[in-house]
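First the structure, in the form of structure tokens, and then the observations on it.
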Amino acid sequence: MKTGFDNDKYLKIQSEHIKERIAQFDGKLYLELGGKLFDDHHASRVLPGFKPDSKLRMFGQLRDQLEIVIVVSAEDIEKNKVRSDLGITYDEDVLRLRQEFMGRDFMVGSVVITHYNGQRAADQFRHRLERLGIKSYIHYLIDGYPHNVELIASDEGFGKNDYVETSRELVIVTAPGPGSGKMAVCLSQLYNENKRGVRAGYAKFETFPVWNLPLKHPVNIAYEAATADLNDVNMIDPFHLEAYDKIAVNYNRDIEIFPVLNALFEGIYGGSPYKSPTDMGVNMVGFCISDDEACCQASRDEIIRRYYDATNKLADGIDSEAEVHKIQLLFNQAHITTAYRRVTVAAAAKKELTGHTAAAIELADGQIITSKSSPLLGCSAALLLNAMKHLAGIDHDVKLIPQSMIEPIQKTKIEYLGGRNPRLHTDEVLVALSVLSQHDELCRRALEQLPQLRDCQVHSTVMLSEVDRKIFKKLGCGLTCDPVRKK
């Protein structure tokens with residue numbers, strides 16, 4: 001709960017640094033955005049004090065200078081690729097992102113469909129964009145990309161792509177997810193801008209790994225845990241070390257592709273503006289950490305959280321065994337076990353003591369509240385009630401929801417809706433409290449405590465239902481569960 005990141009400083013120095021990078025070129029910079037432009041909850045978890053929309057707020061200071069180009073791969077459209085966190089396809093997410101950005105008064109110039117090779121679904125999506133009045137462009141598959149530099153940096157390579165018309169000096173290139181072709185769009189634009197007499201620049205804005213933190217700093221290890229499914233590996237940037245005799249951290253894909261990028265820059269401009277992949281970045285996050293130990297502690301918690309996510313997927317039949325093993329290796333690097341997470345230990349102890357599934361929450365002041373399942377309530381629903389009563393100063397033995405109200409709900413769930421679990425879920429408990437609060441002062445006081453649960457850590461000894469997981473997410477709690485299914 002302790003703040004470890006100076007968000008105001010970040011907003012100031014990050015925007016200033018991007019302005020400086022624009023000035024290094026002919027007043028035109030294509031900025032490839034890695035990660036999320038908003039709702040960056042990973043960053044807010046490992047850098048307590050970083051706001052999920054910090055990057056968006058930072059770019060708000062440059063609003064009049066920038067426009068956004070959204071990139072989507074024709075191959076992803078053809079495959080109906082789905083964002084796992086939102087449950088929507090990449091093409092639908094393009095429209096969602098555009099709406100989100102425009103709702104915040106950002107200019108969204110166009111959509112670029114990459115990896116195009118005549119895919120019918122991509123043609124249909126482009127027609128849909130046309131009907132909506134959204135400009136779109138096509139970028140083609142190039143044989144031998146990215147290694148056939150001679151072909152790529154020619155009129156038969158980048159020269160075949162549509163030239164994306166832009167009107168502002170900072171062009172942010174973003175996408176629904178990885179592998180969409182953002183970098184290729186930026187480099188294609190450099191080639192085509194150069195043909196038009198504009199020496200545009202390219203830079204990369206990626207928050208993690210943090211280049212000026214140690215390789216094995218918990219913040220950087222947490223990034224590896226977050227991308228364990230992609231098999232990304234943090235590395236010392238050898239090009240930066242050779243050029244400047246300074247240690248900087250980058251990740252394997254950027255380091256591996258840098259010689260190719262350098263060759264492409266030379267093919268377009270006759271020389272490269274960068275000596276290392278770290279040079280290409282503009283990230284200033286590492287300069288805004290105000291309490292290193294607070295960030296270390298939050299990052300260790302995040303590594304454990306990622307471990308439980310992976311083990312839960314495995315228990316659900318989703319093949320993530322390699323992901324689990326990788327995060328277990330990261331435990332060794334971070335010198336932690338799951339016992340580092342206090343709520344994990346507390347929930348396990350409650351289960352051992354009572355013989356029932358249990359849950360625990362760590363409140364903002366460090367107090368840990370526990371619960372167990374009962375015939376009336378699941379352990380997560382009981383935990384919410386216990387936490388609210390504690391925060392409201394209500395005696396633990398007070399029954400906020402009378403049994404006479406719970407039993408009819410259970411009857412409806414089992415007899416009329418065909419359910420098998422009669423226990424109340426968290427959403428049902430909150431609805432019951434809301435109804436009772438009209439005439440019950442204690443219920444009203446309990447509900448008023450919900451905002452205090454934001455950023456609190458929660459652990460359950462059993463995998464919770466989707467409903468319960470969503471409630472804790474909406475409350476802003478960091479939830480983990482043992483990979484054990486409910487019986």
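How things are named: the first chain in the structure tokens is A, the next is B, and so on; residues count from 1 in each chain; ligands count from 1 in the order shown.
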Practice prompt. Compile the contact shell of Val429 of chain A as a VMD selection string: residues with an atom at most 9 Å away, counting only C-alpha atoms, same-chain residues fewer than 4 positions apart removed.
Written response: chain A and resid 377 381 to 382 384 to 385 401 406 424 to 425 433 to 434
Worksheet item: Looking at only C-alpha atoms, which of A:Gly201, A:Gly157, A:Pro214, A:Pro209 is the one that sits closest to Asn234 of chain A?
Response: A:Pro209
Fill in: Shell around His240 of chain A at 8 Å using only C-alpha atoms, local window under 5 positions removed, as a VMD selection string
chain A and resid 245 to 248 275 to 279
Please produce an output containing C-alpha atoms for each residue in the selection, written as a compact mmCIF listing (two decimals), in the first residue's frame.
```
# COMPACT_ATOMS: atom_id res chain seq x y z
CA ASP A 245 30.46 1.23 -21.39
CA LYS A 246 27.21 1.41 -19.41
CA ILE A 247 24.92 -1.41 -18.32
CA ALA A 248 21.34 -1.18 -19.57
CA LYS A 275 23.90 2.69 -31.28
CA SER A 276 21.80 0.27 -29.22
CA PRO A 277 18.21 -0.94 -28.81
CA THR A 278 18.14 0.93 -25.49
CA ASP A 279 18.92 4.12 -27.44
```
Worksheet item: So which residues touch Ala364 of chain A within 8 Å, counting only C-alpha atoms, skipping near sequence neighbours fewer than 3 positions away, as number ranges by chain?
Response: A: 1, 367, 452-453, 455-456
Fill in: Polymer residues at most 10 Å from Arg98 of chain A, only C-alpha atoms, same-chain spacing of 2 or more positions, as a VMD selection string
chain A and resid 68 to 70 93 to 96 100 to 103 106 to 111 134
Worksheet entry | Spatial neighbours of segment 446-448 of chain A, max dist 10 Å, only C-alpha atoms, sep filter under 5 positions, as number ranges by chain | A: 384-394, 400, 430, 433-434, 437, 441
Worksheet entry | In segment 117-227 of chain A, DSSP helix (DSSP H, G or I) residues written as a PyMOL selection string | chain A and resi 120-131+149-152+158-160+182-195+218-226
Worksheet, complete the sentence: The residue from A:Arg128, A:Arg444, A:Arg168, A:Lys2 with the smallest atom-to-atom distance to Glu293 of chain A, counting only C-alpha atoms, is A:Lys2
Discussion item. If we count only C-alpha atoms and set the cut-off at 9 Å, which residues sit around Ala222 of chain A, ignoring sequence neighbours fewer than 3 positions away in its own chain? Please answer as a ChimeraX atom specification.
Written reply: /A:46,209,217-219,225-227,299-304,306,330
Item to complete: Can you check which residues of segment 195-420 of chain A DSSP gives as strand (DSSP E or B) on the backbone and send them as a PyMOL selection string?
Response: chain A and resi 201-205+234-236+249-251+281+289+358-362+368-372+377
Worksheet item: Quick one: of A:Arg469, A:His127, A:Lys399, A:His139, who's nearest to Thr114 of chain A, counting only C-alpha atoms?
Response: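 For Thr114 of chain A, the nearest of the given residues is A:His139.
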Worksheet item: Rounded to one decimal in Å, what is the spacing between atom CA of Ala74 of chain A and atom CA of Asp254 of chain A?
Response: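 Taking atom CA of Ala74 of chain A as the start and atom CA of Asp254 of chain A as the end point, the length is 23.3 Å.
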Worksheet item: Could you work out how far atom CA of Lys413 of chain A lies from atom CA of Val484 of chain A, giving the answer in Å with one decimal?
Response: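 According to the coordinates, atom CA of Val484 of chain A and atom CA of Lys413 of chain A are separated by 23.3 Å.
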Using 9 Å as the limit and counting only C-alpha atoms, can you tabulate each residue of segment 1-113 of chain A that touches segment 181-188 of chain A, with its shortest atom-to-atom distance in Å and the two atoms involved, as a Markdown table?
```
| residue | atom | partner | partner_atom | distance |
| --- | --- | --- | --- | --- |
| A:Tyr30 | CA | A:Cys186 | CA | 5.9 |
| A:Leu31 | CA | A:Cys186 | CA | 7.6 |
| A:Glu32 | CA | A:Lys182 | CA | 6.3 |
| A:Leu33 | CA | A:Lys182 | CA | 8.0 |
| A:Gly34 | CA | A:Lys182 | CA | 8.9 |
| A:Ile70 | CA | A:Lys182 | CA | 8.5 |
| A:Val71 | CA | A:Lys182 | CA | 6.3 |
| A:Val72 | CA | A:Gly181 | CA | 7.4 |
| A:Ser73 | CA | A:Gly181 | CA | 6.8 |
| A:Val112 | CA | A:Val185 | CA | 8.0 |
| A:Ile113 | CA | A:Gly181 | CA | 9.0 |
```
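Atom CA of Glu256 of chain A is positioned 26.9 Å from atom CA of Glu20 of chain A.
Using only C-alpha atoms for every distance, the candidate list A:Val462, A:Leu62, A:Ile142, A:Val260 yields A:Val462 as the residue closest to Ala348 of chain A.
Remark: for Arg342 of chain A, the closest of the candidate residues A:Gly366, A:Ala322, A:Glu193, A:Thr426 is A:Gly366 (distances computed over only C-alpha atoms).
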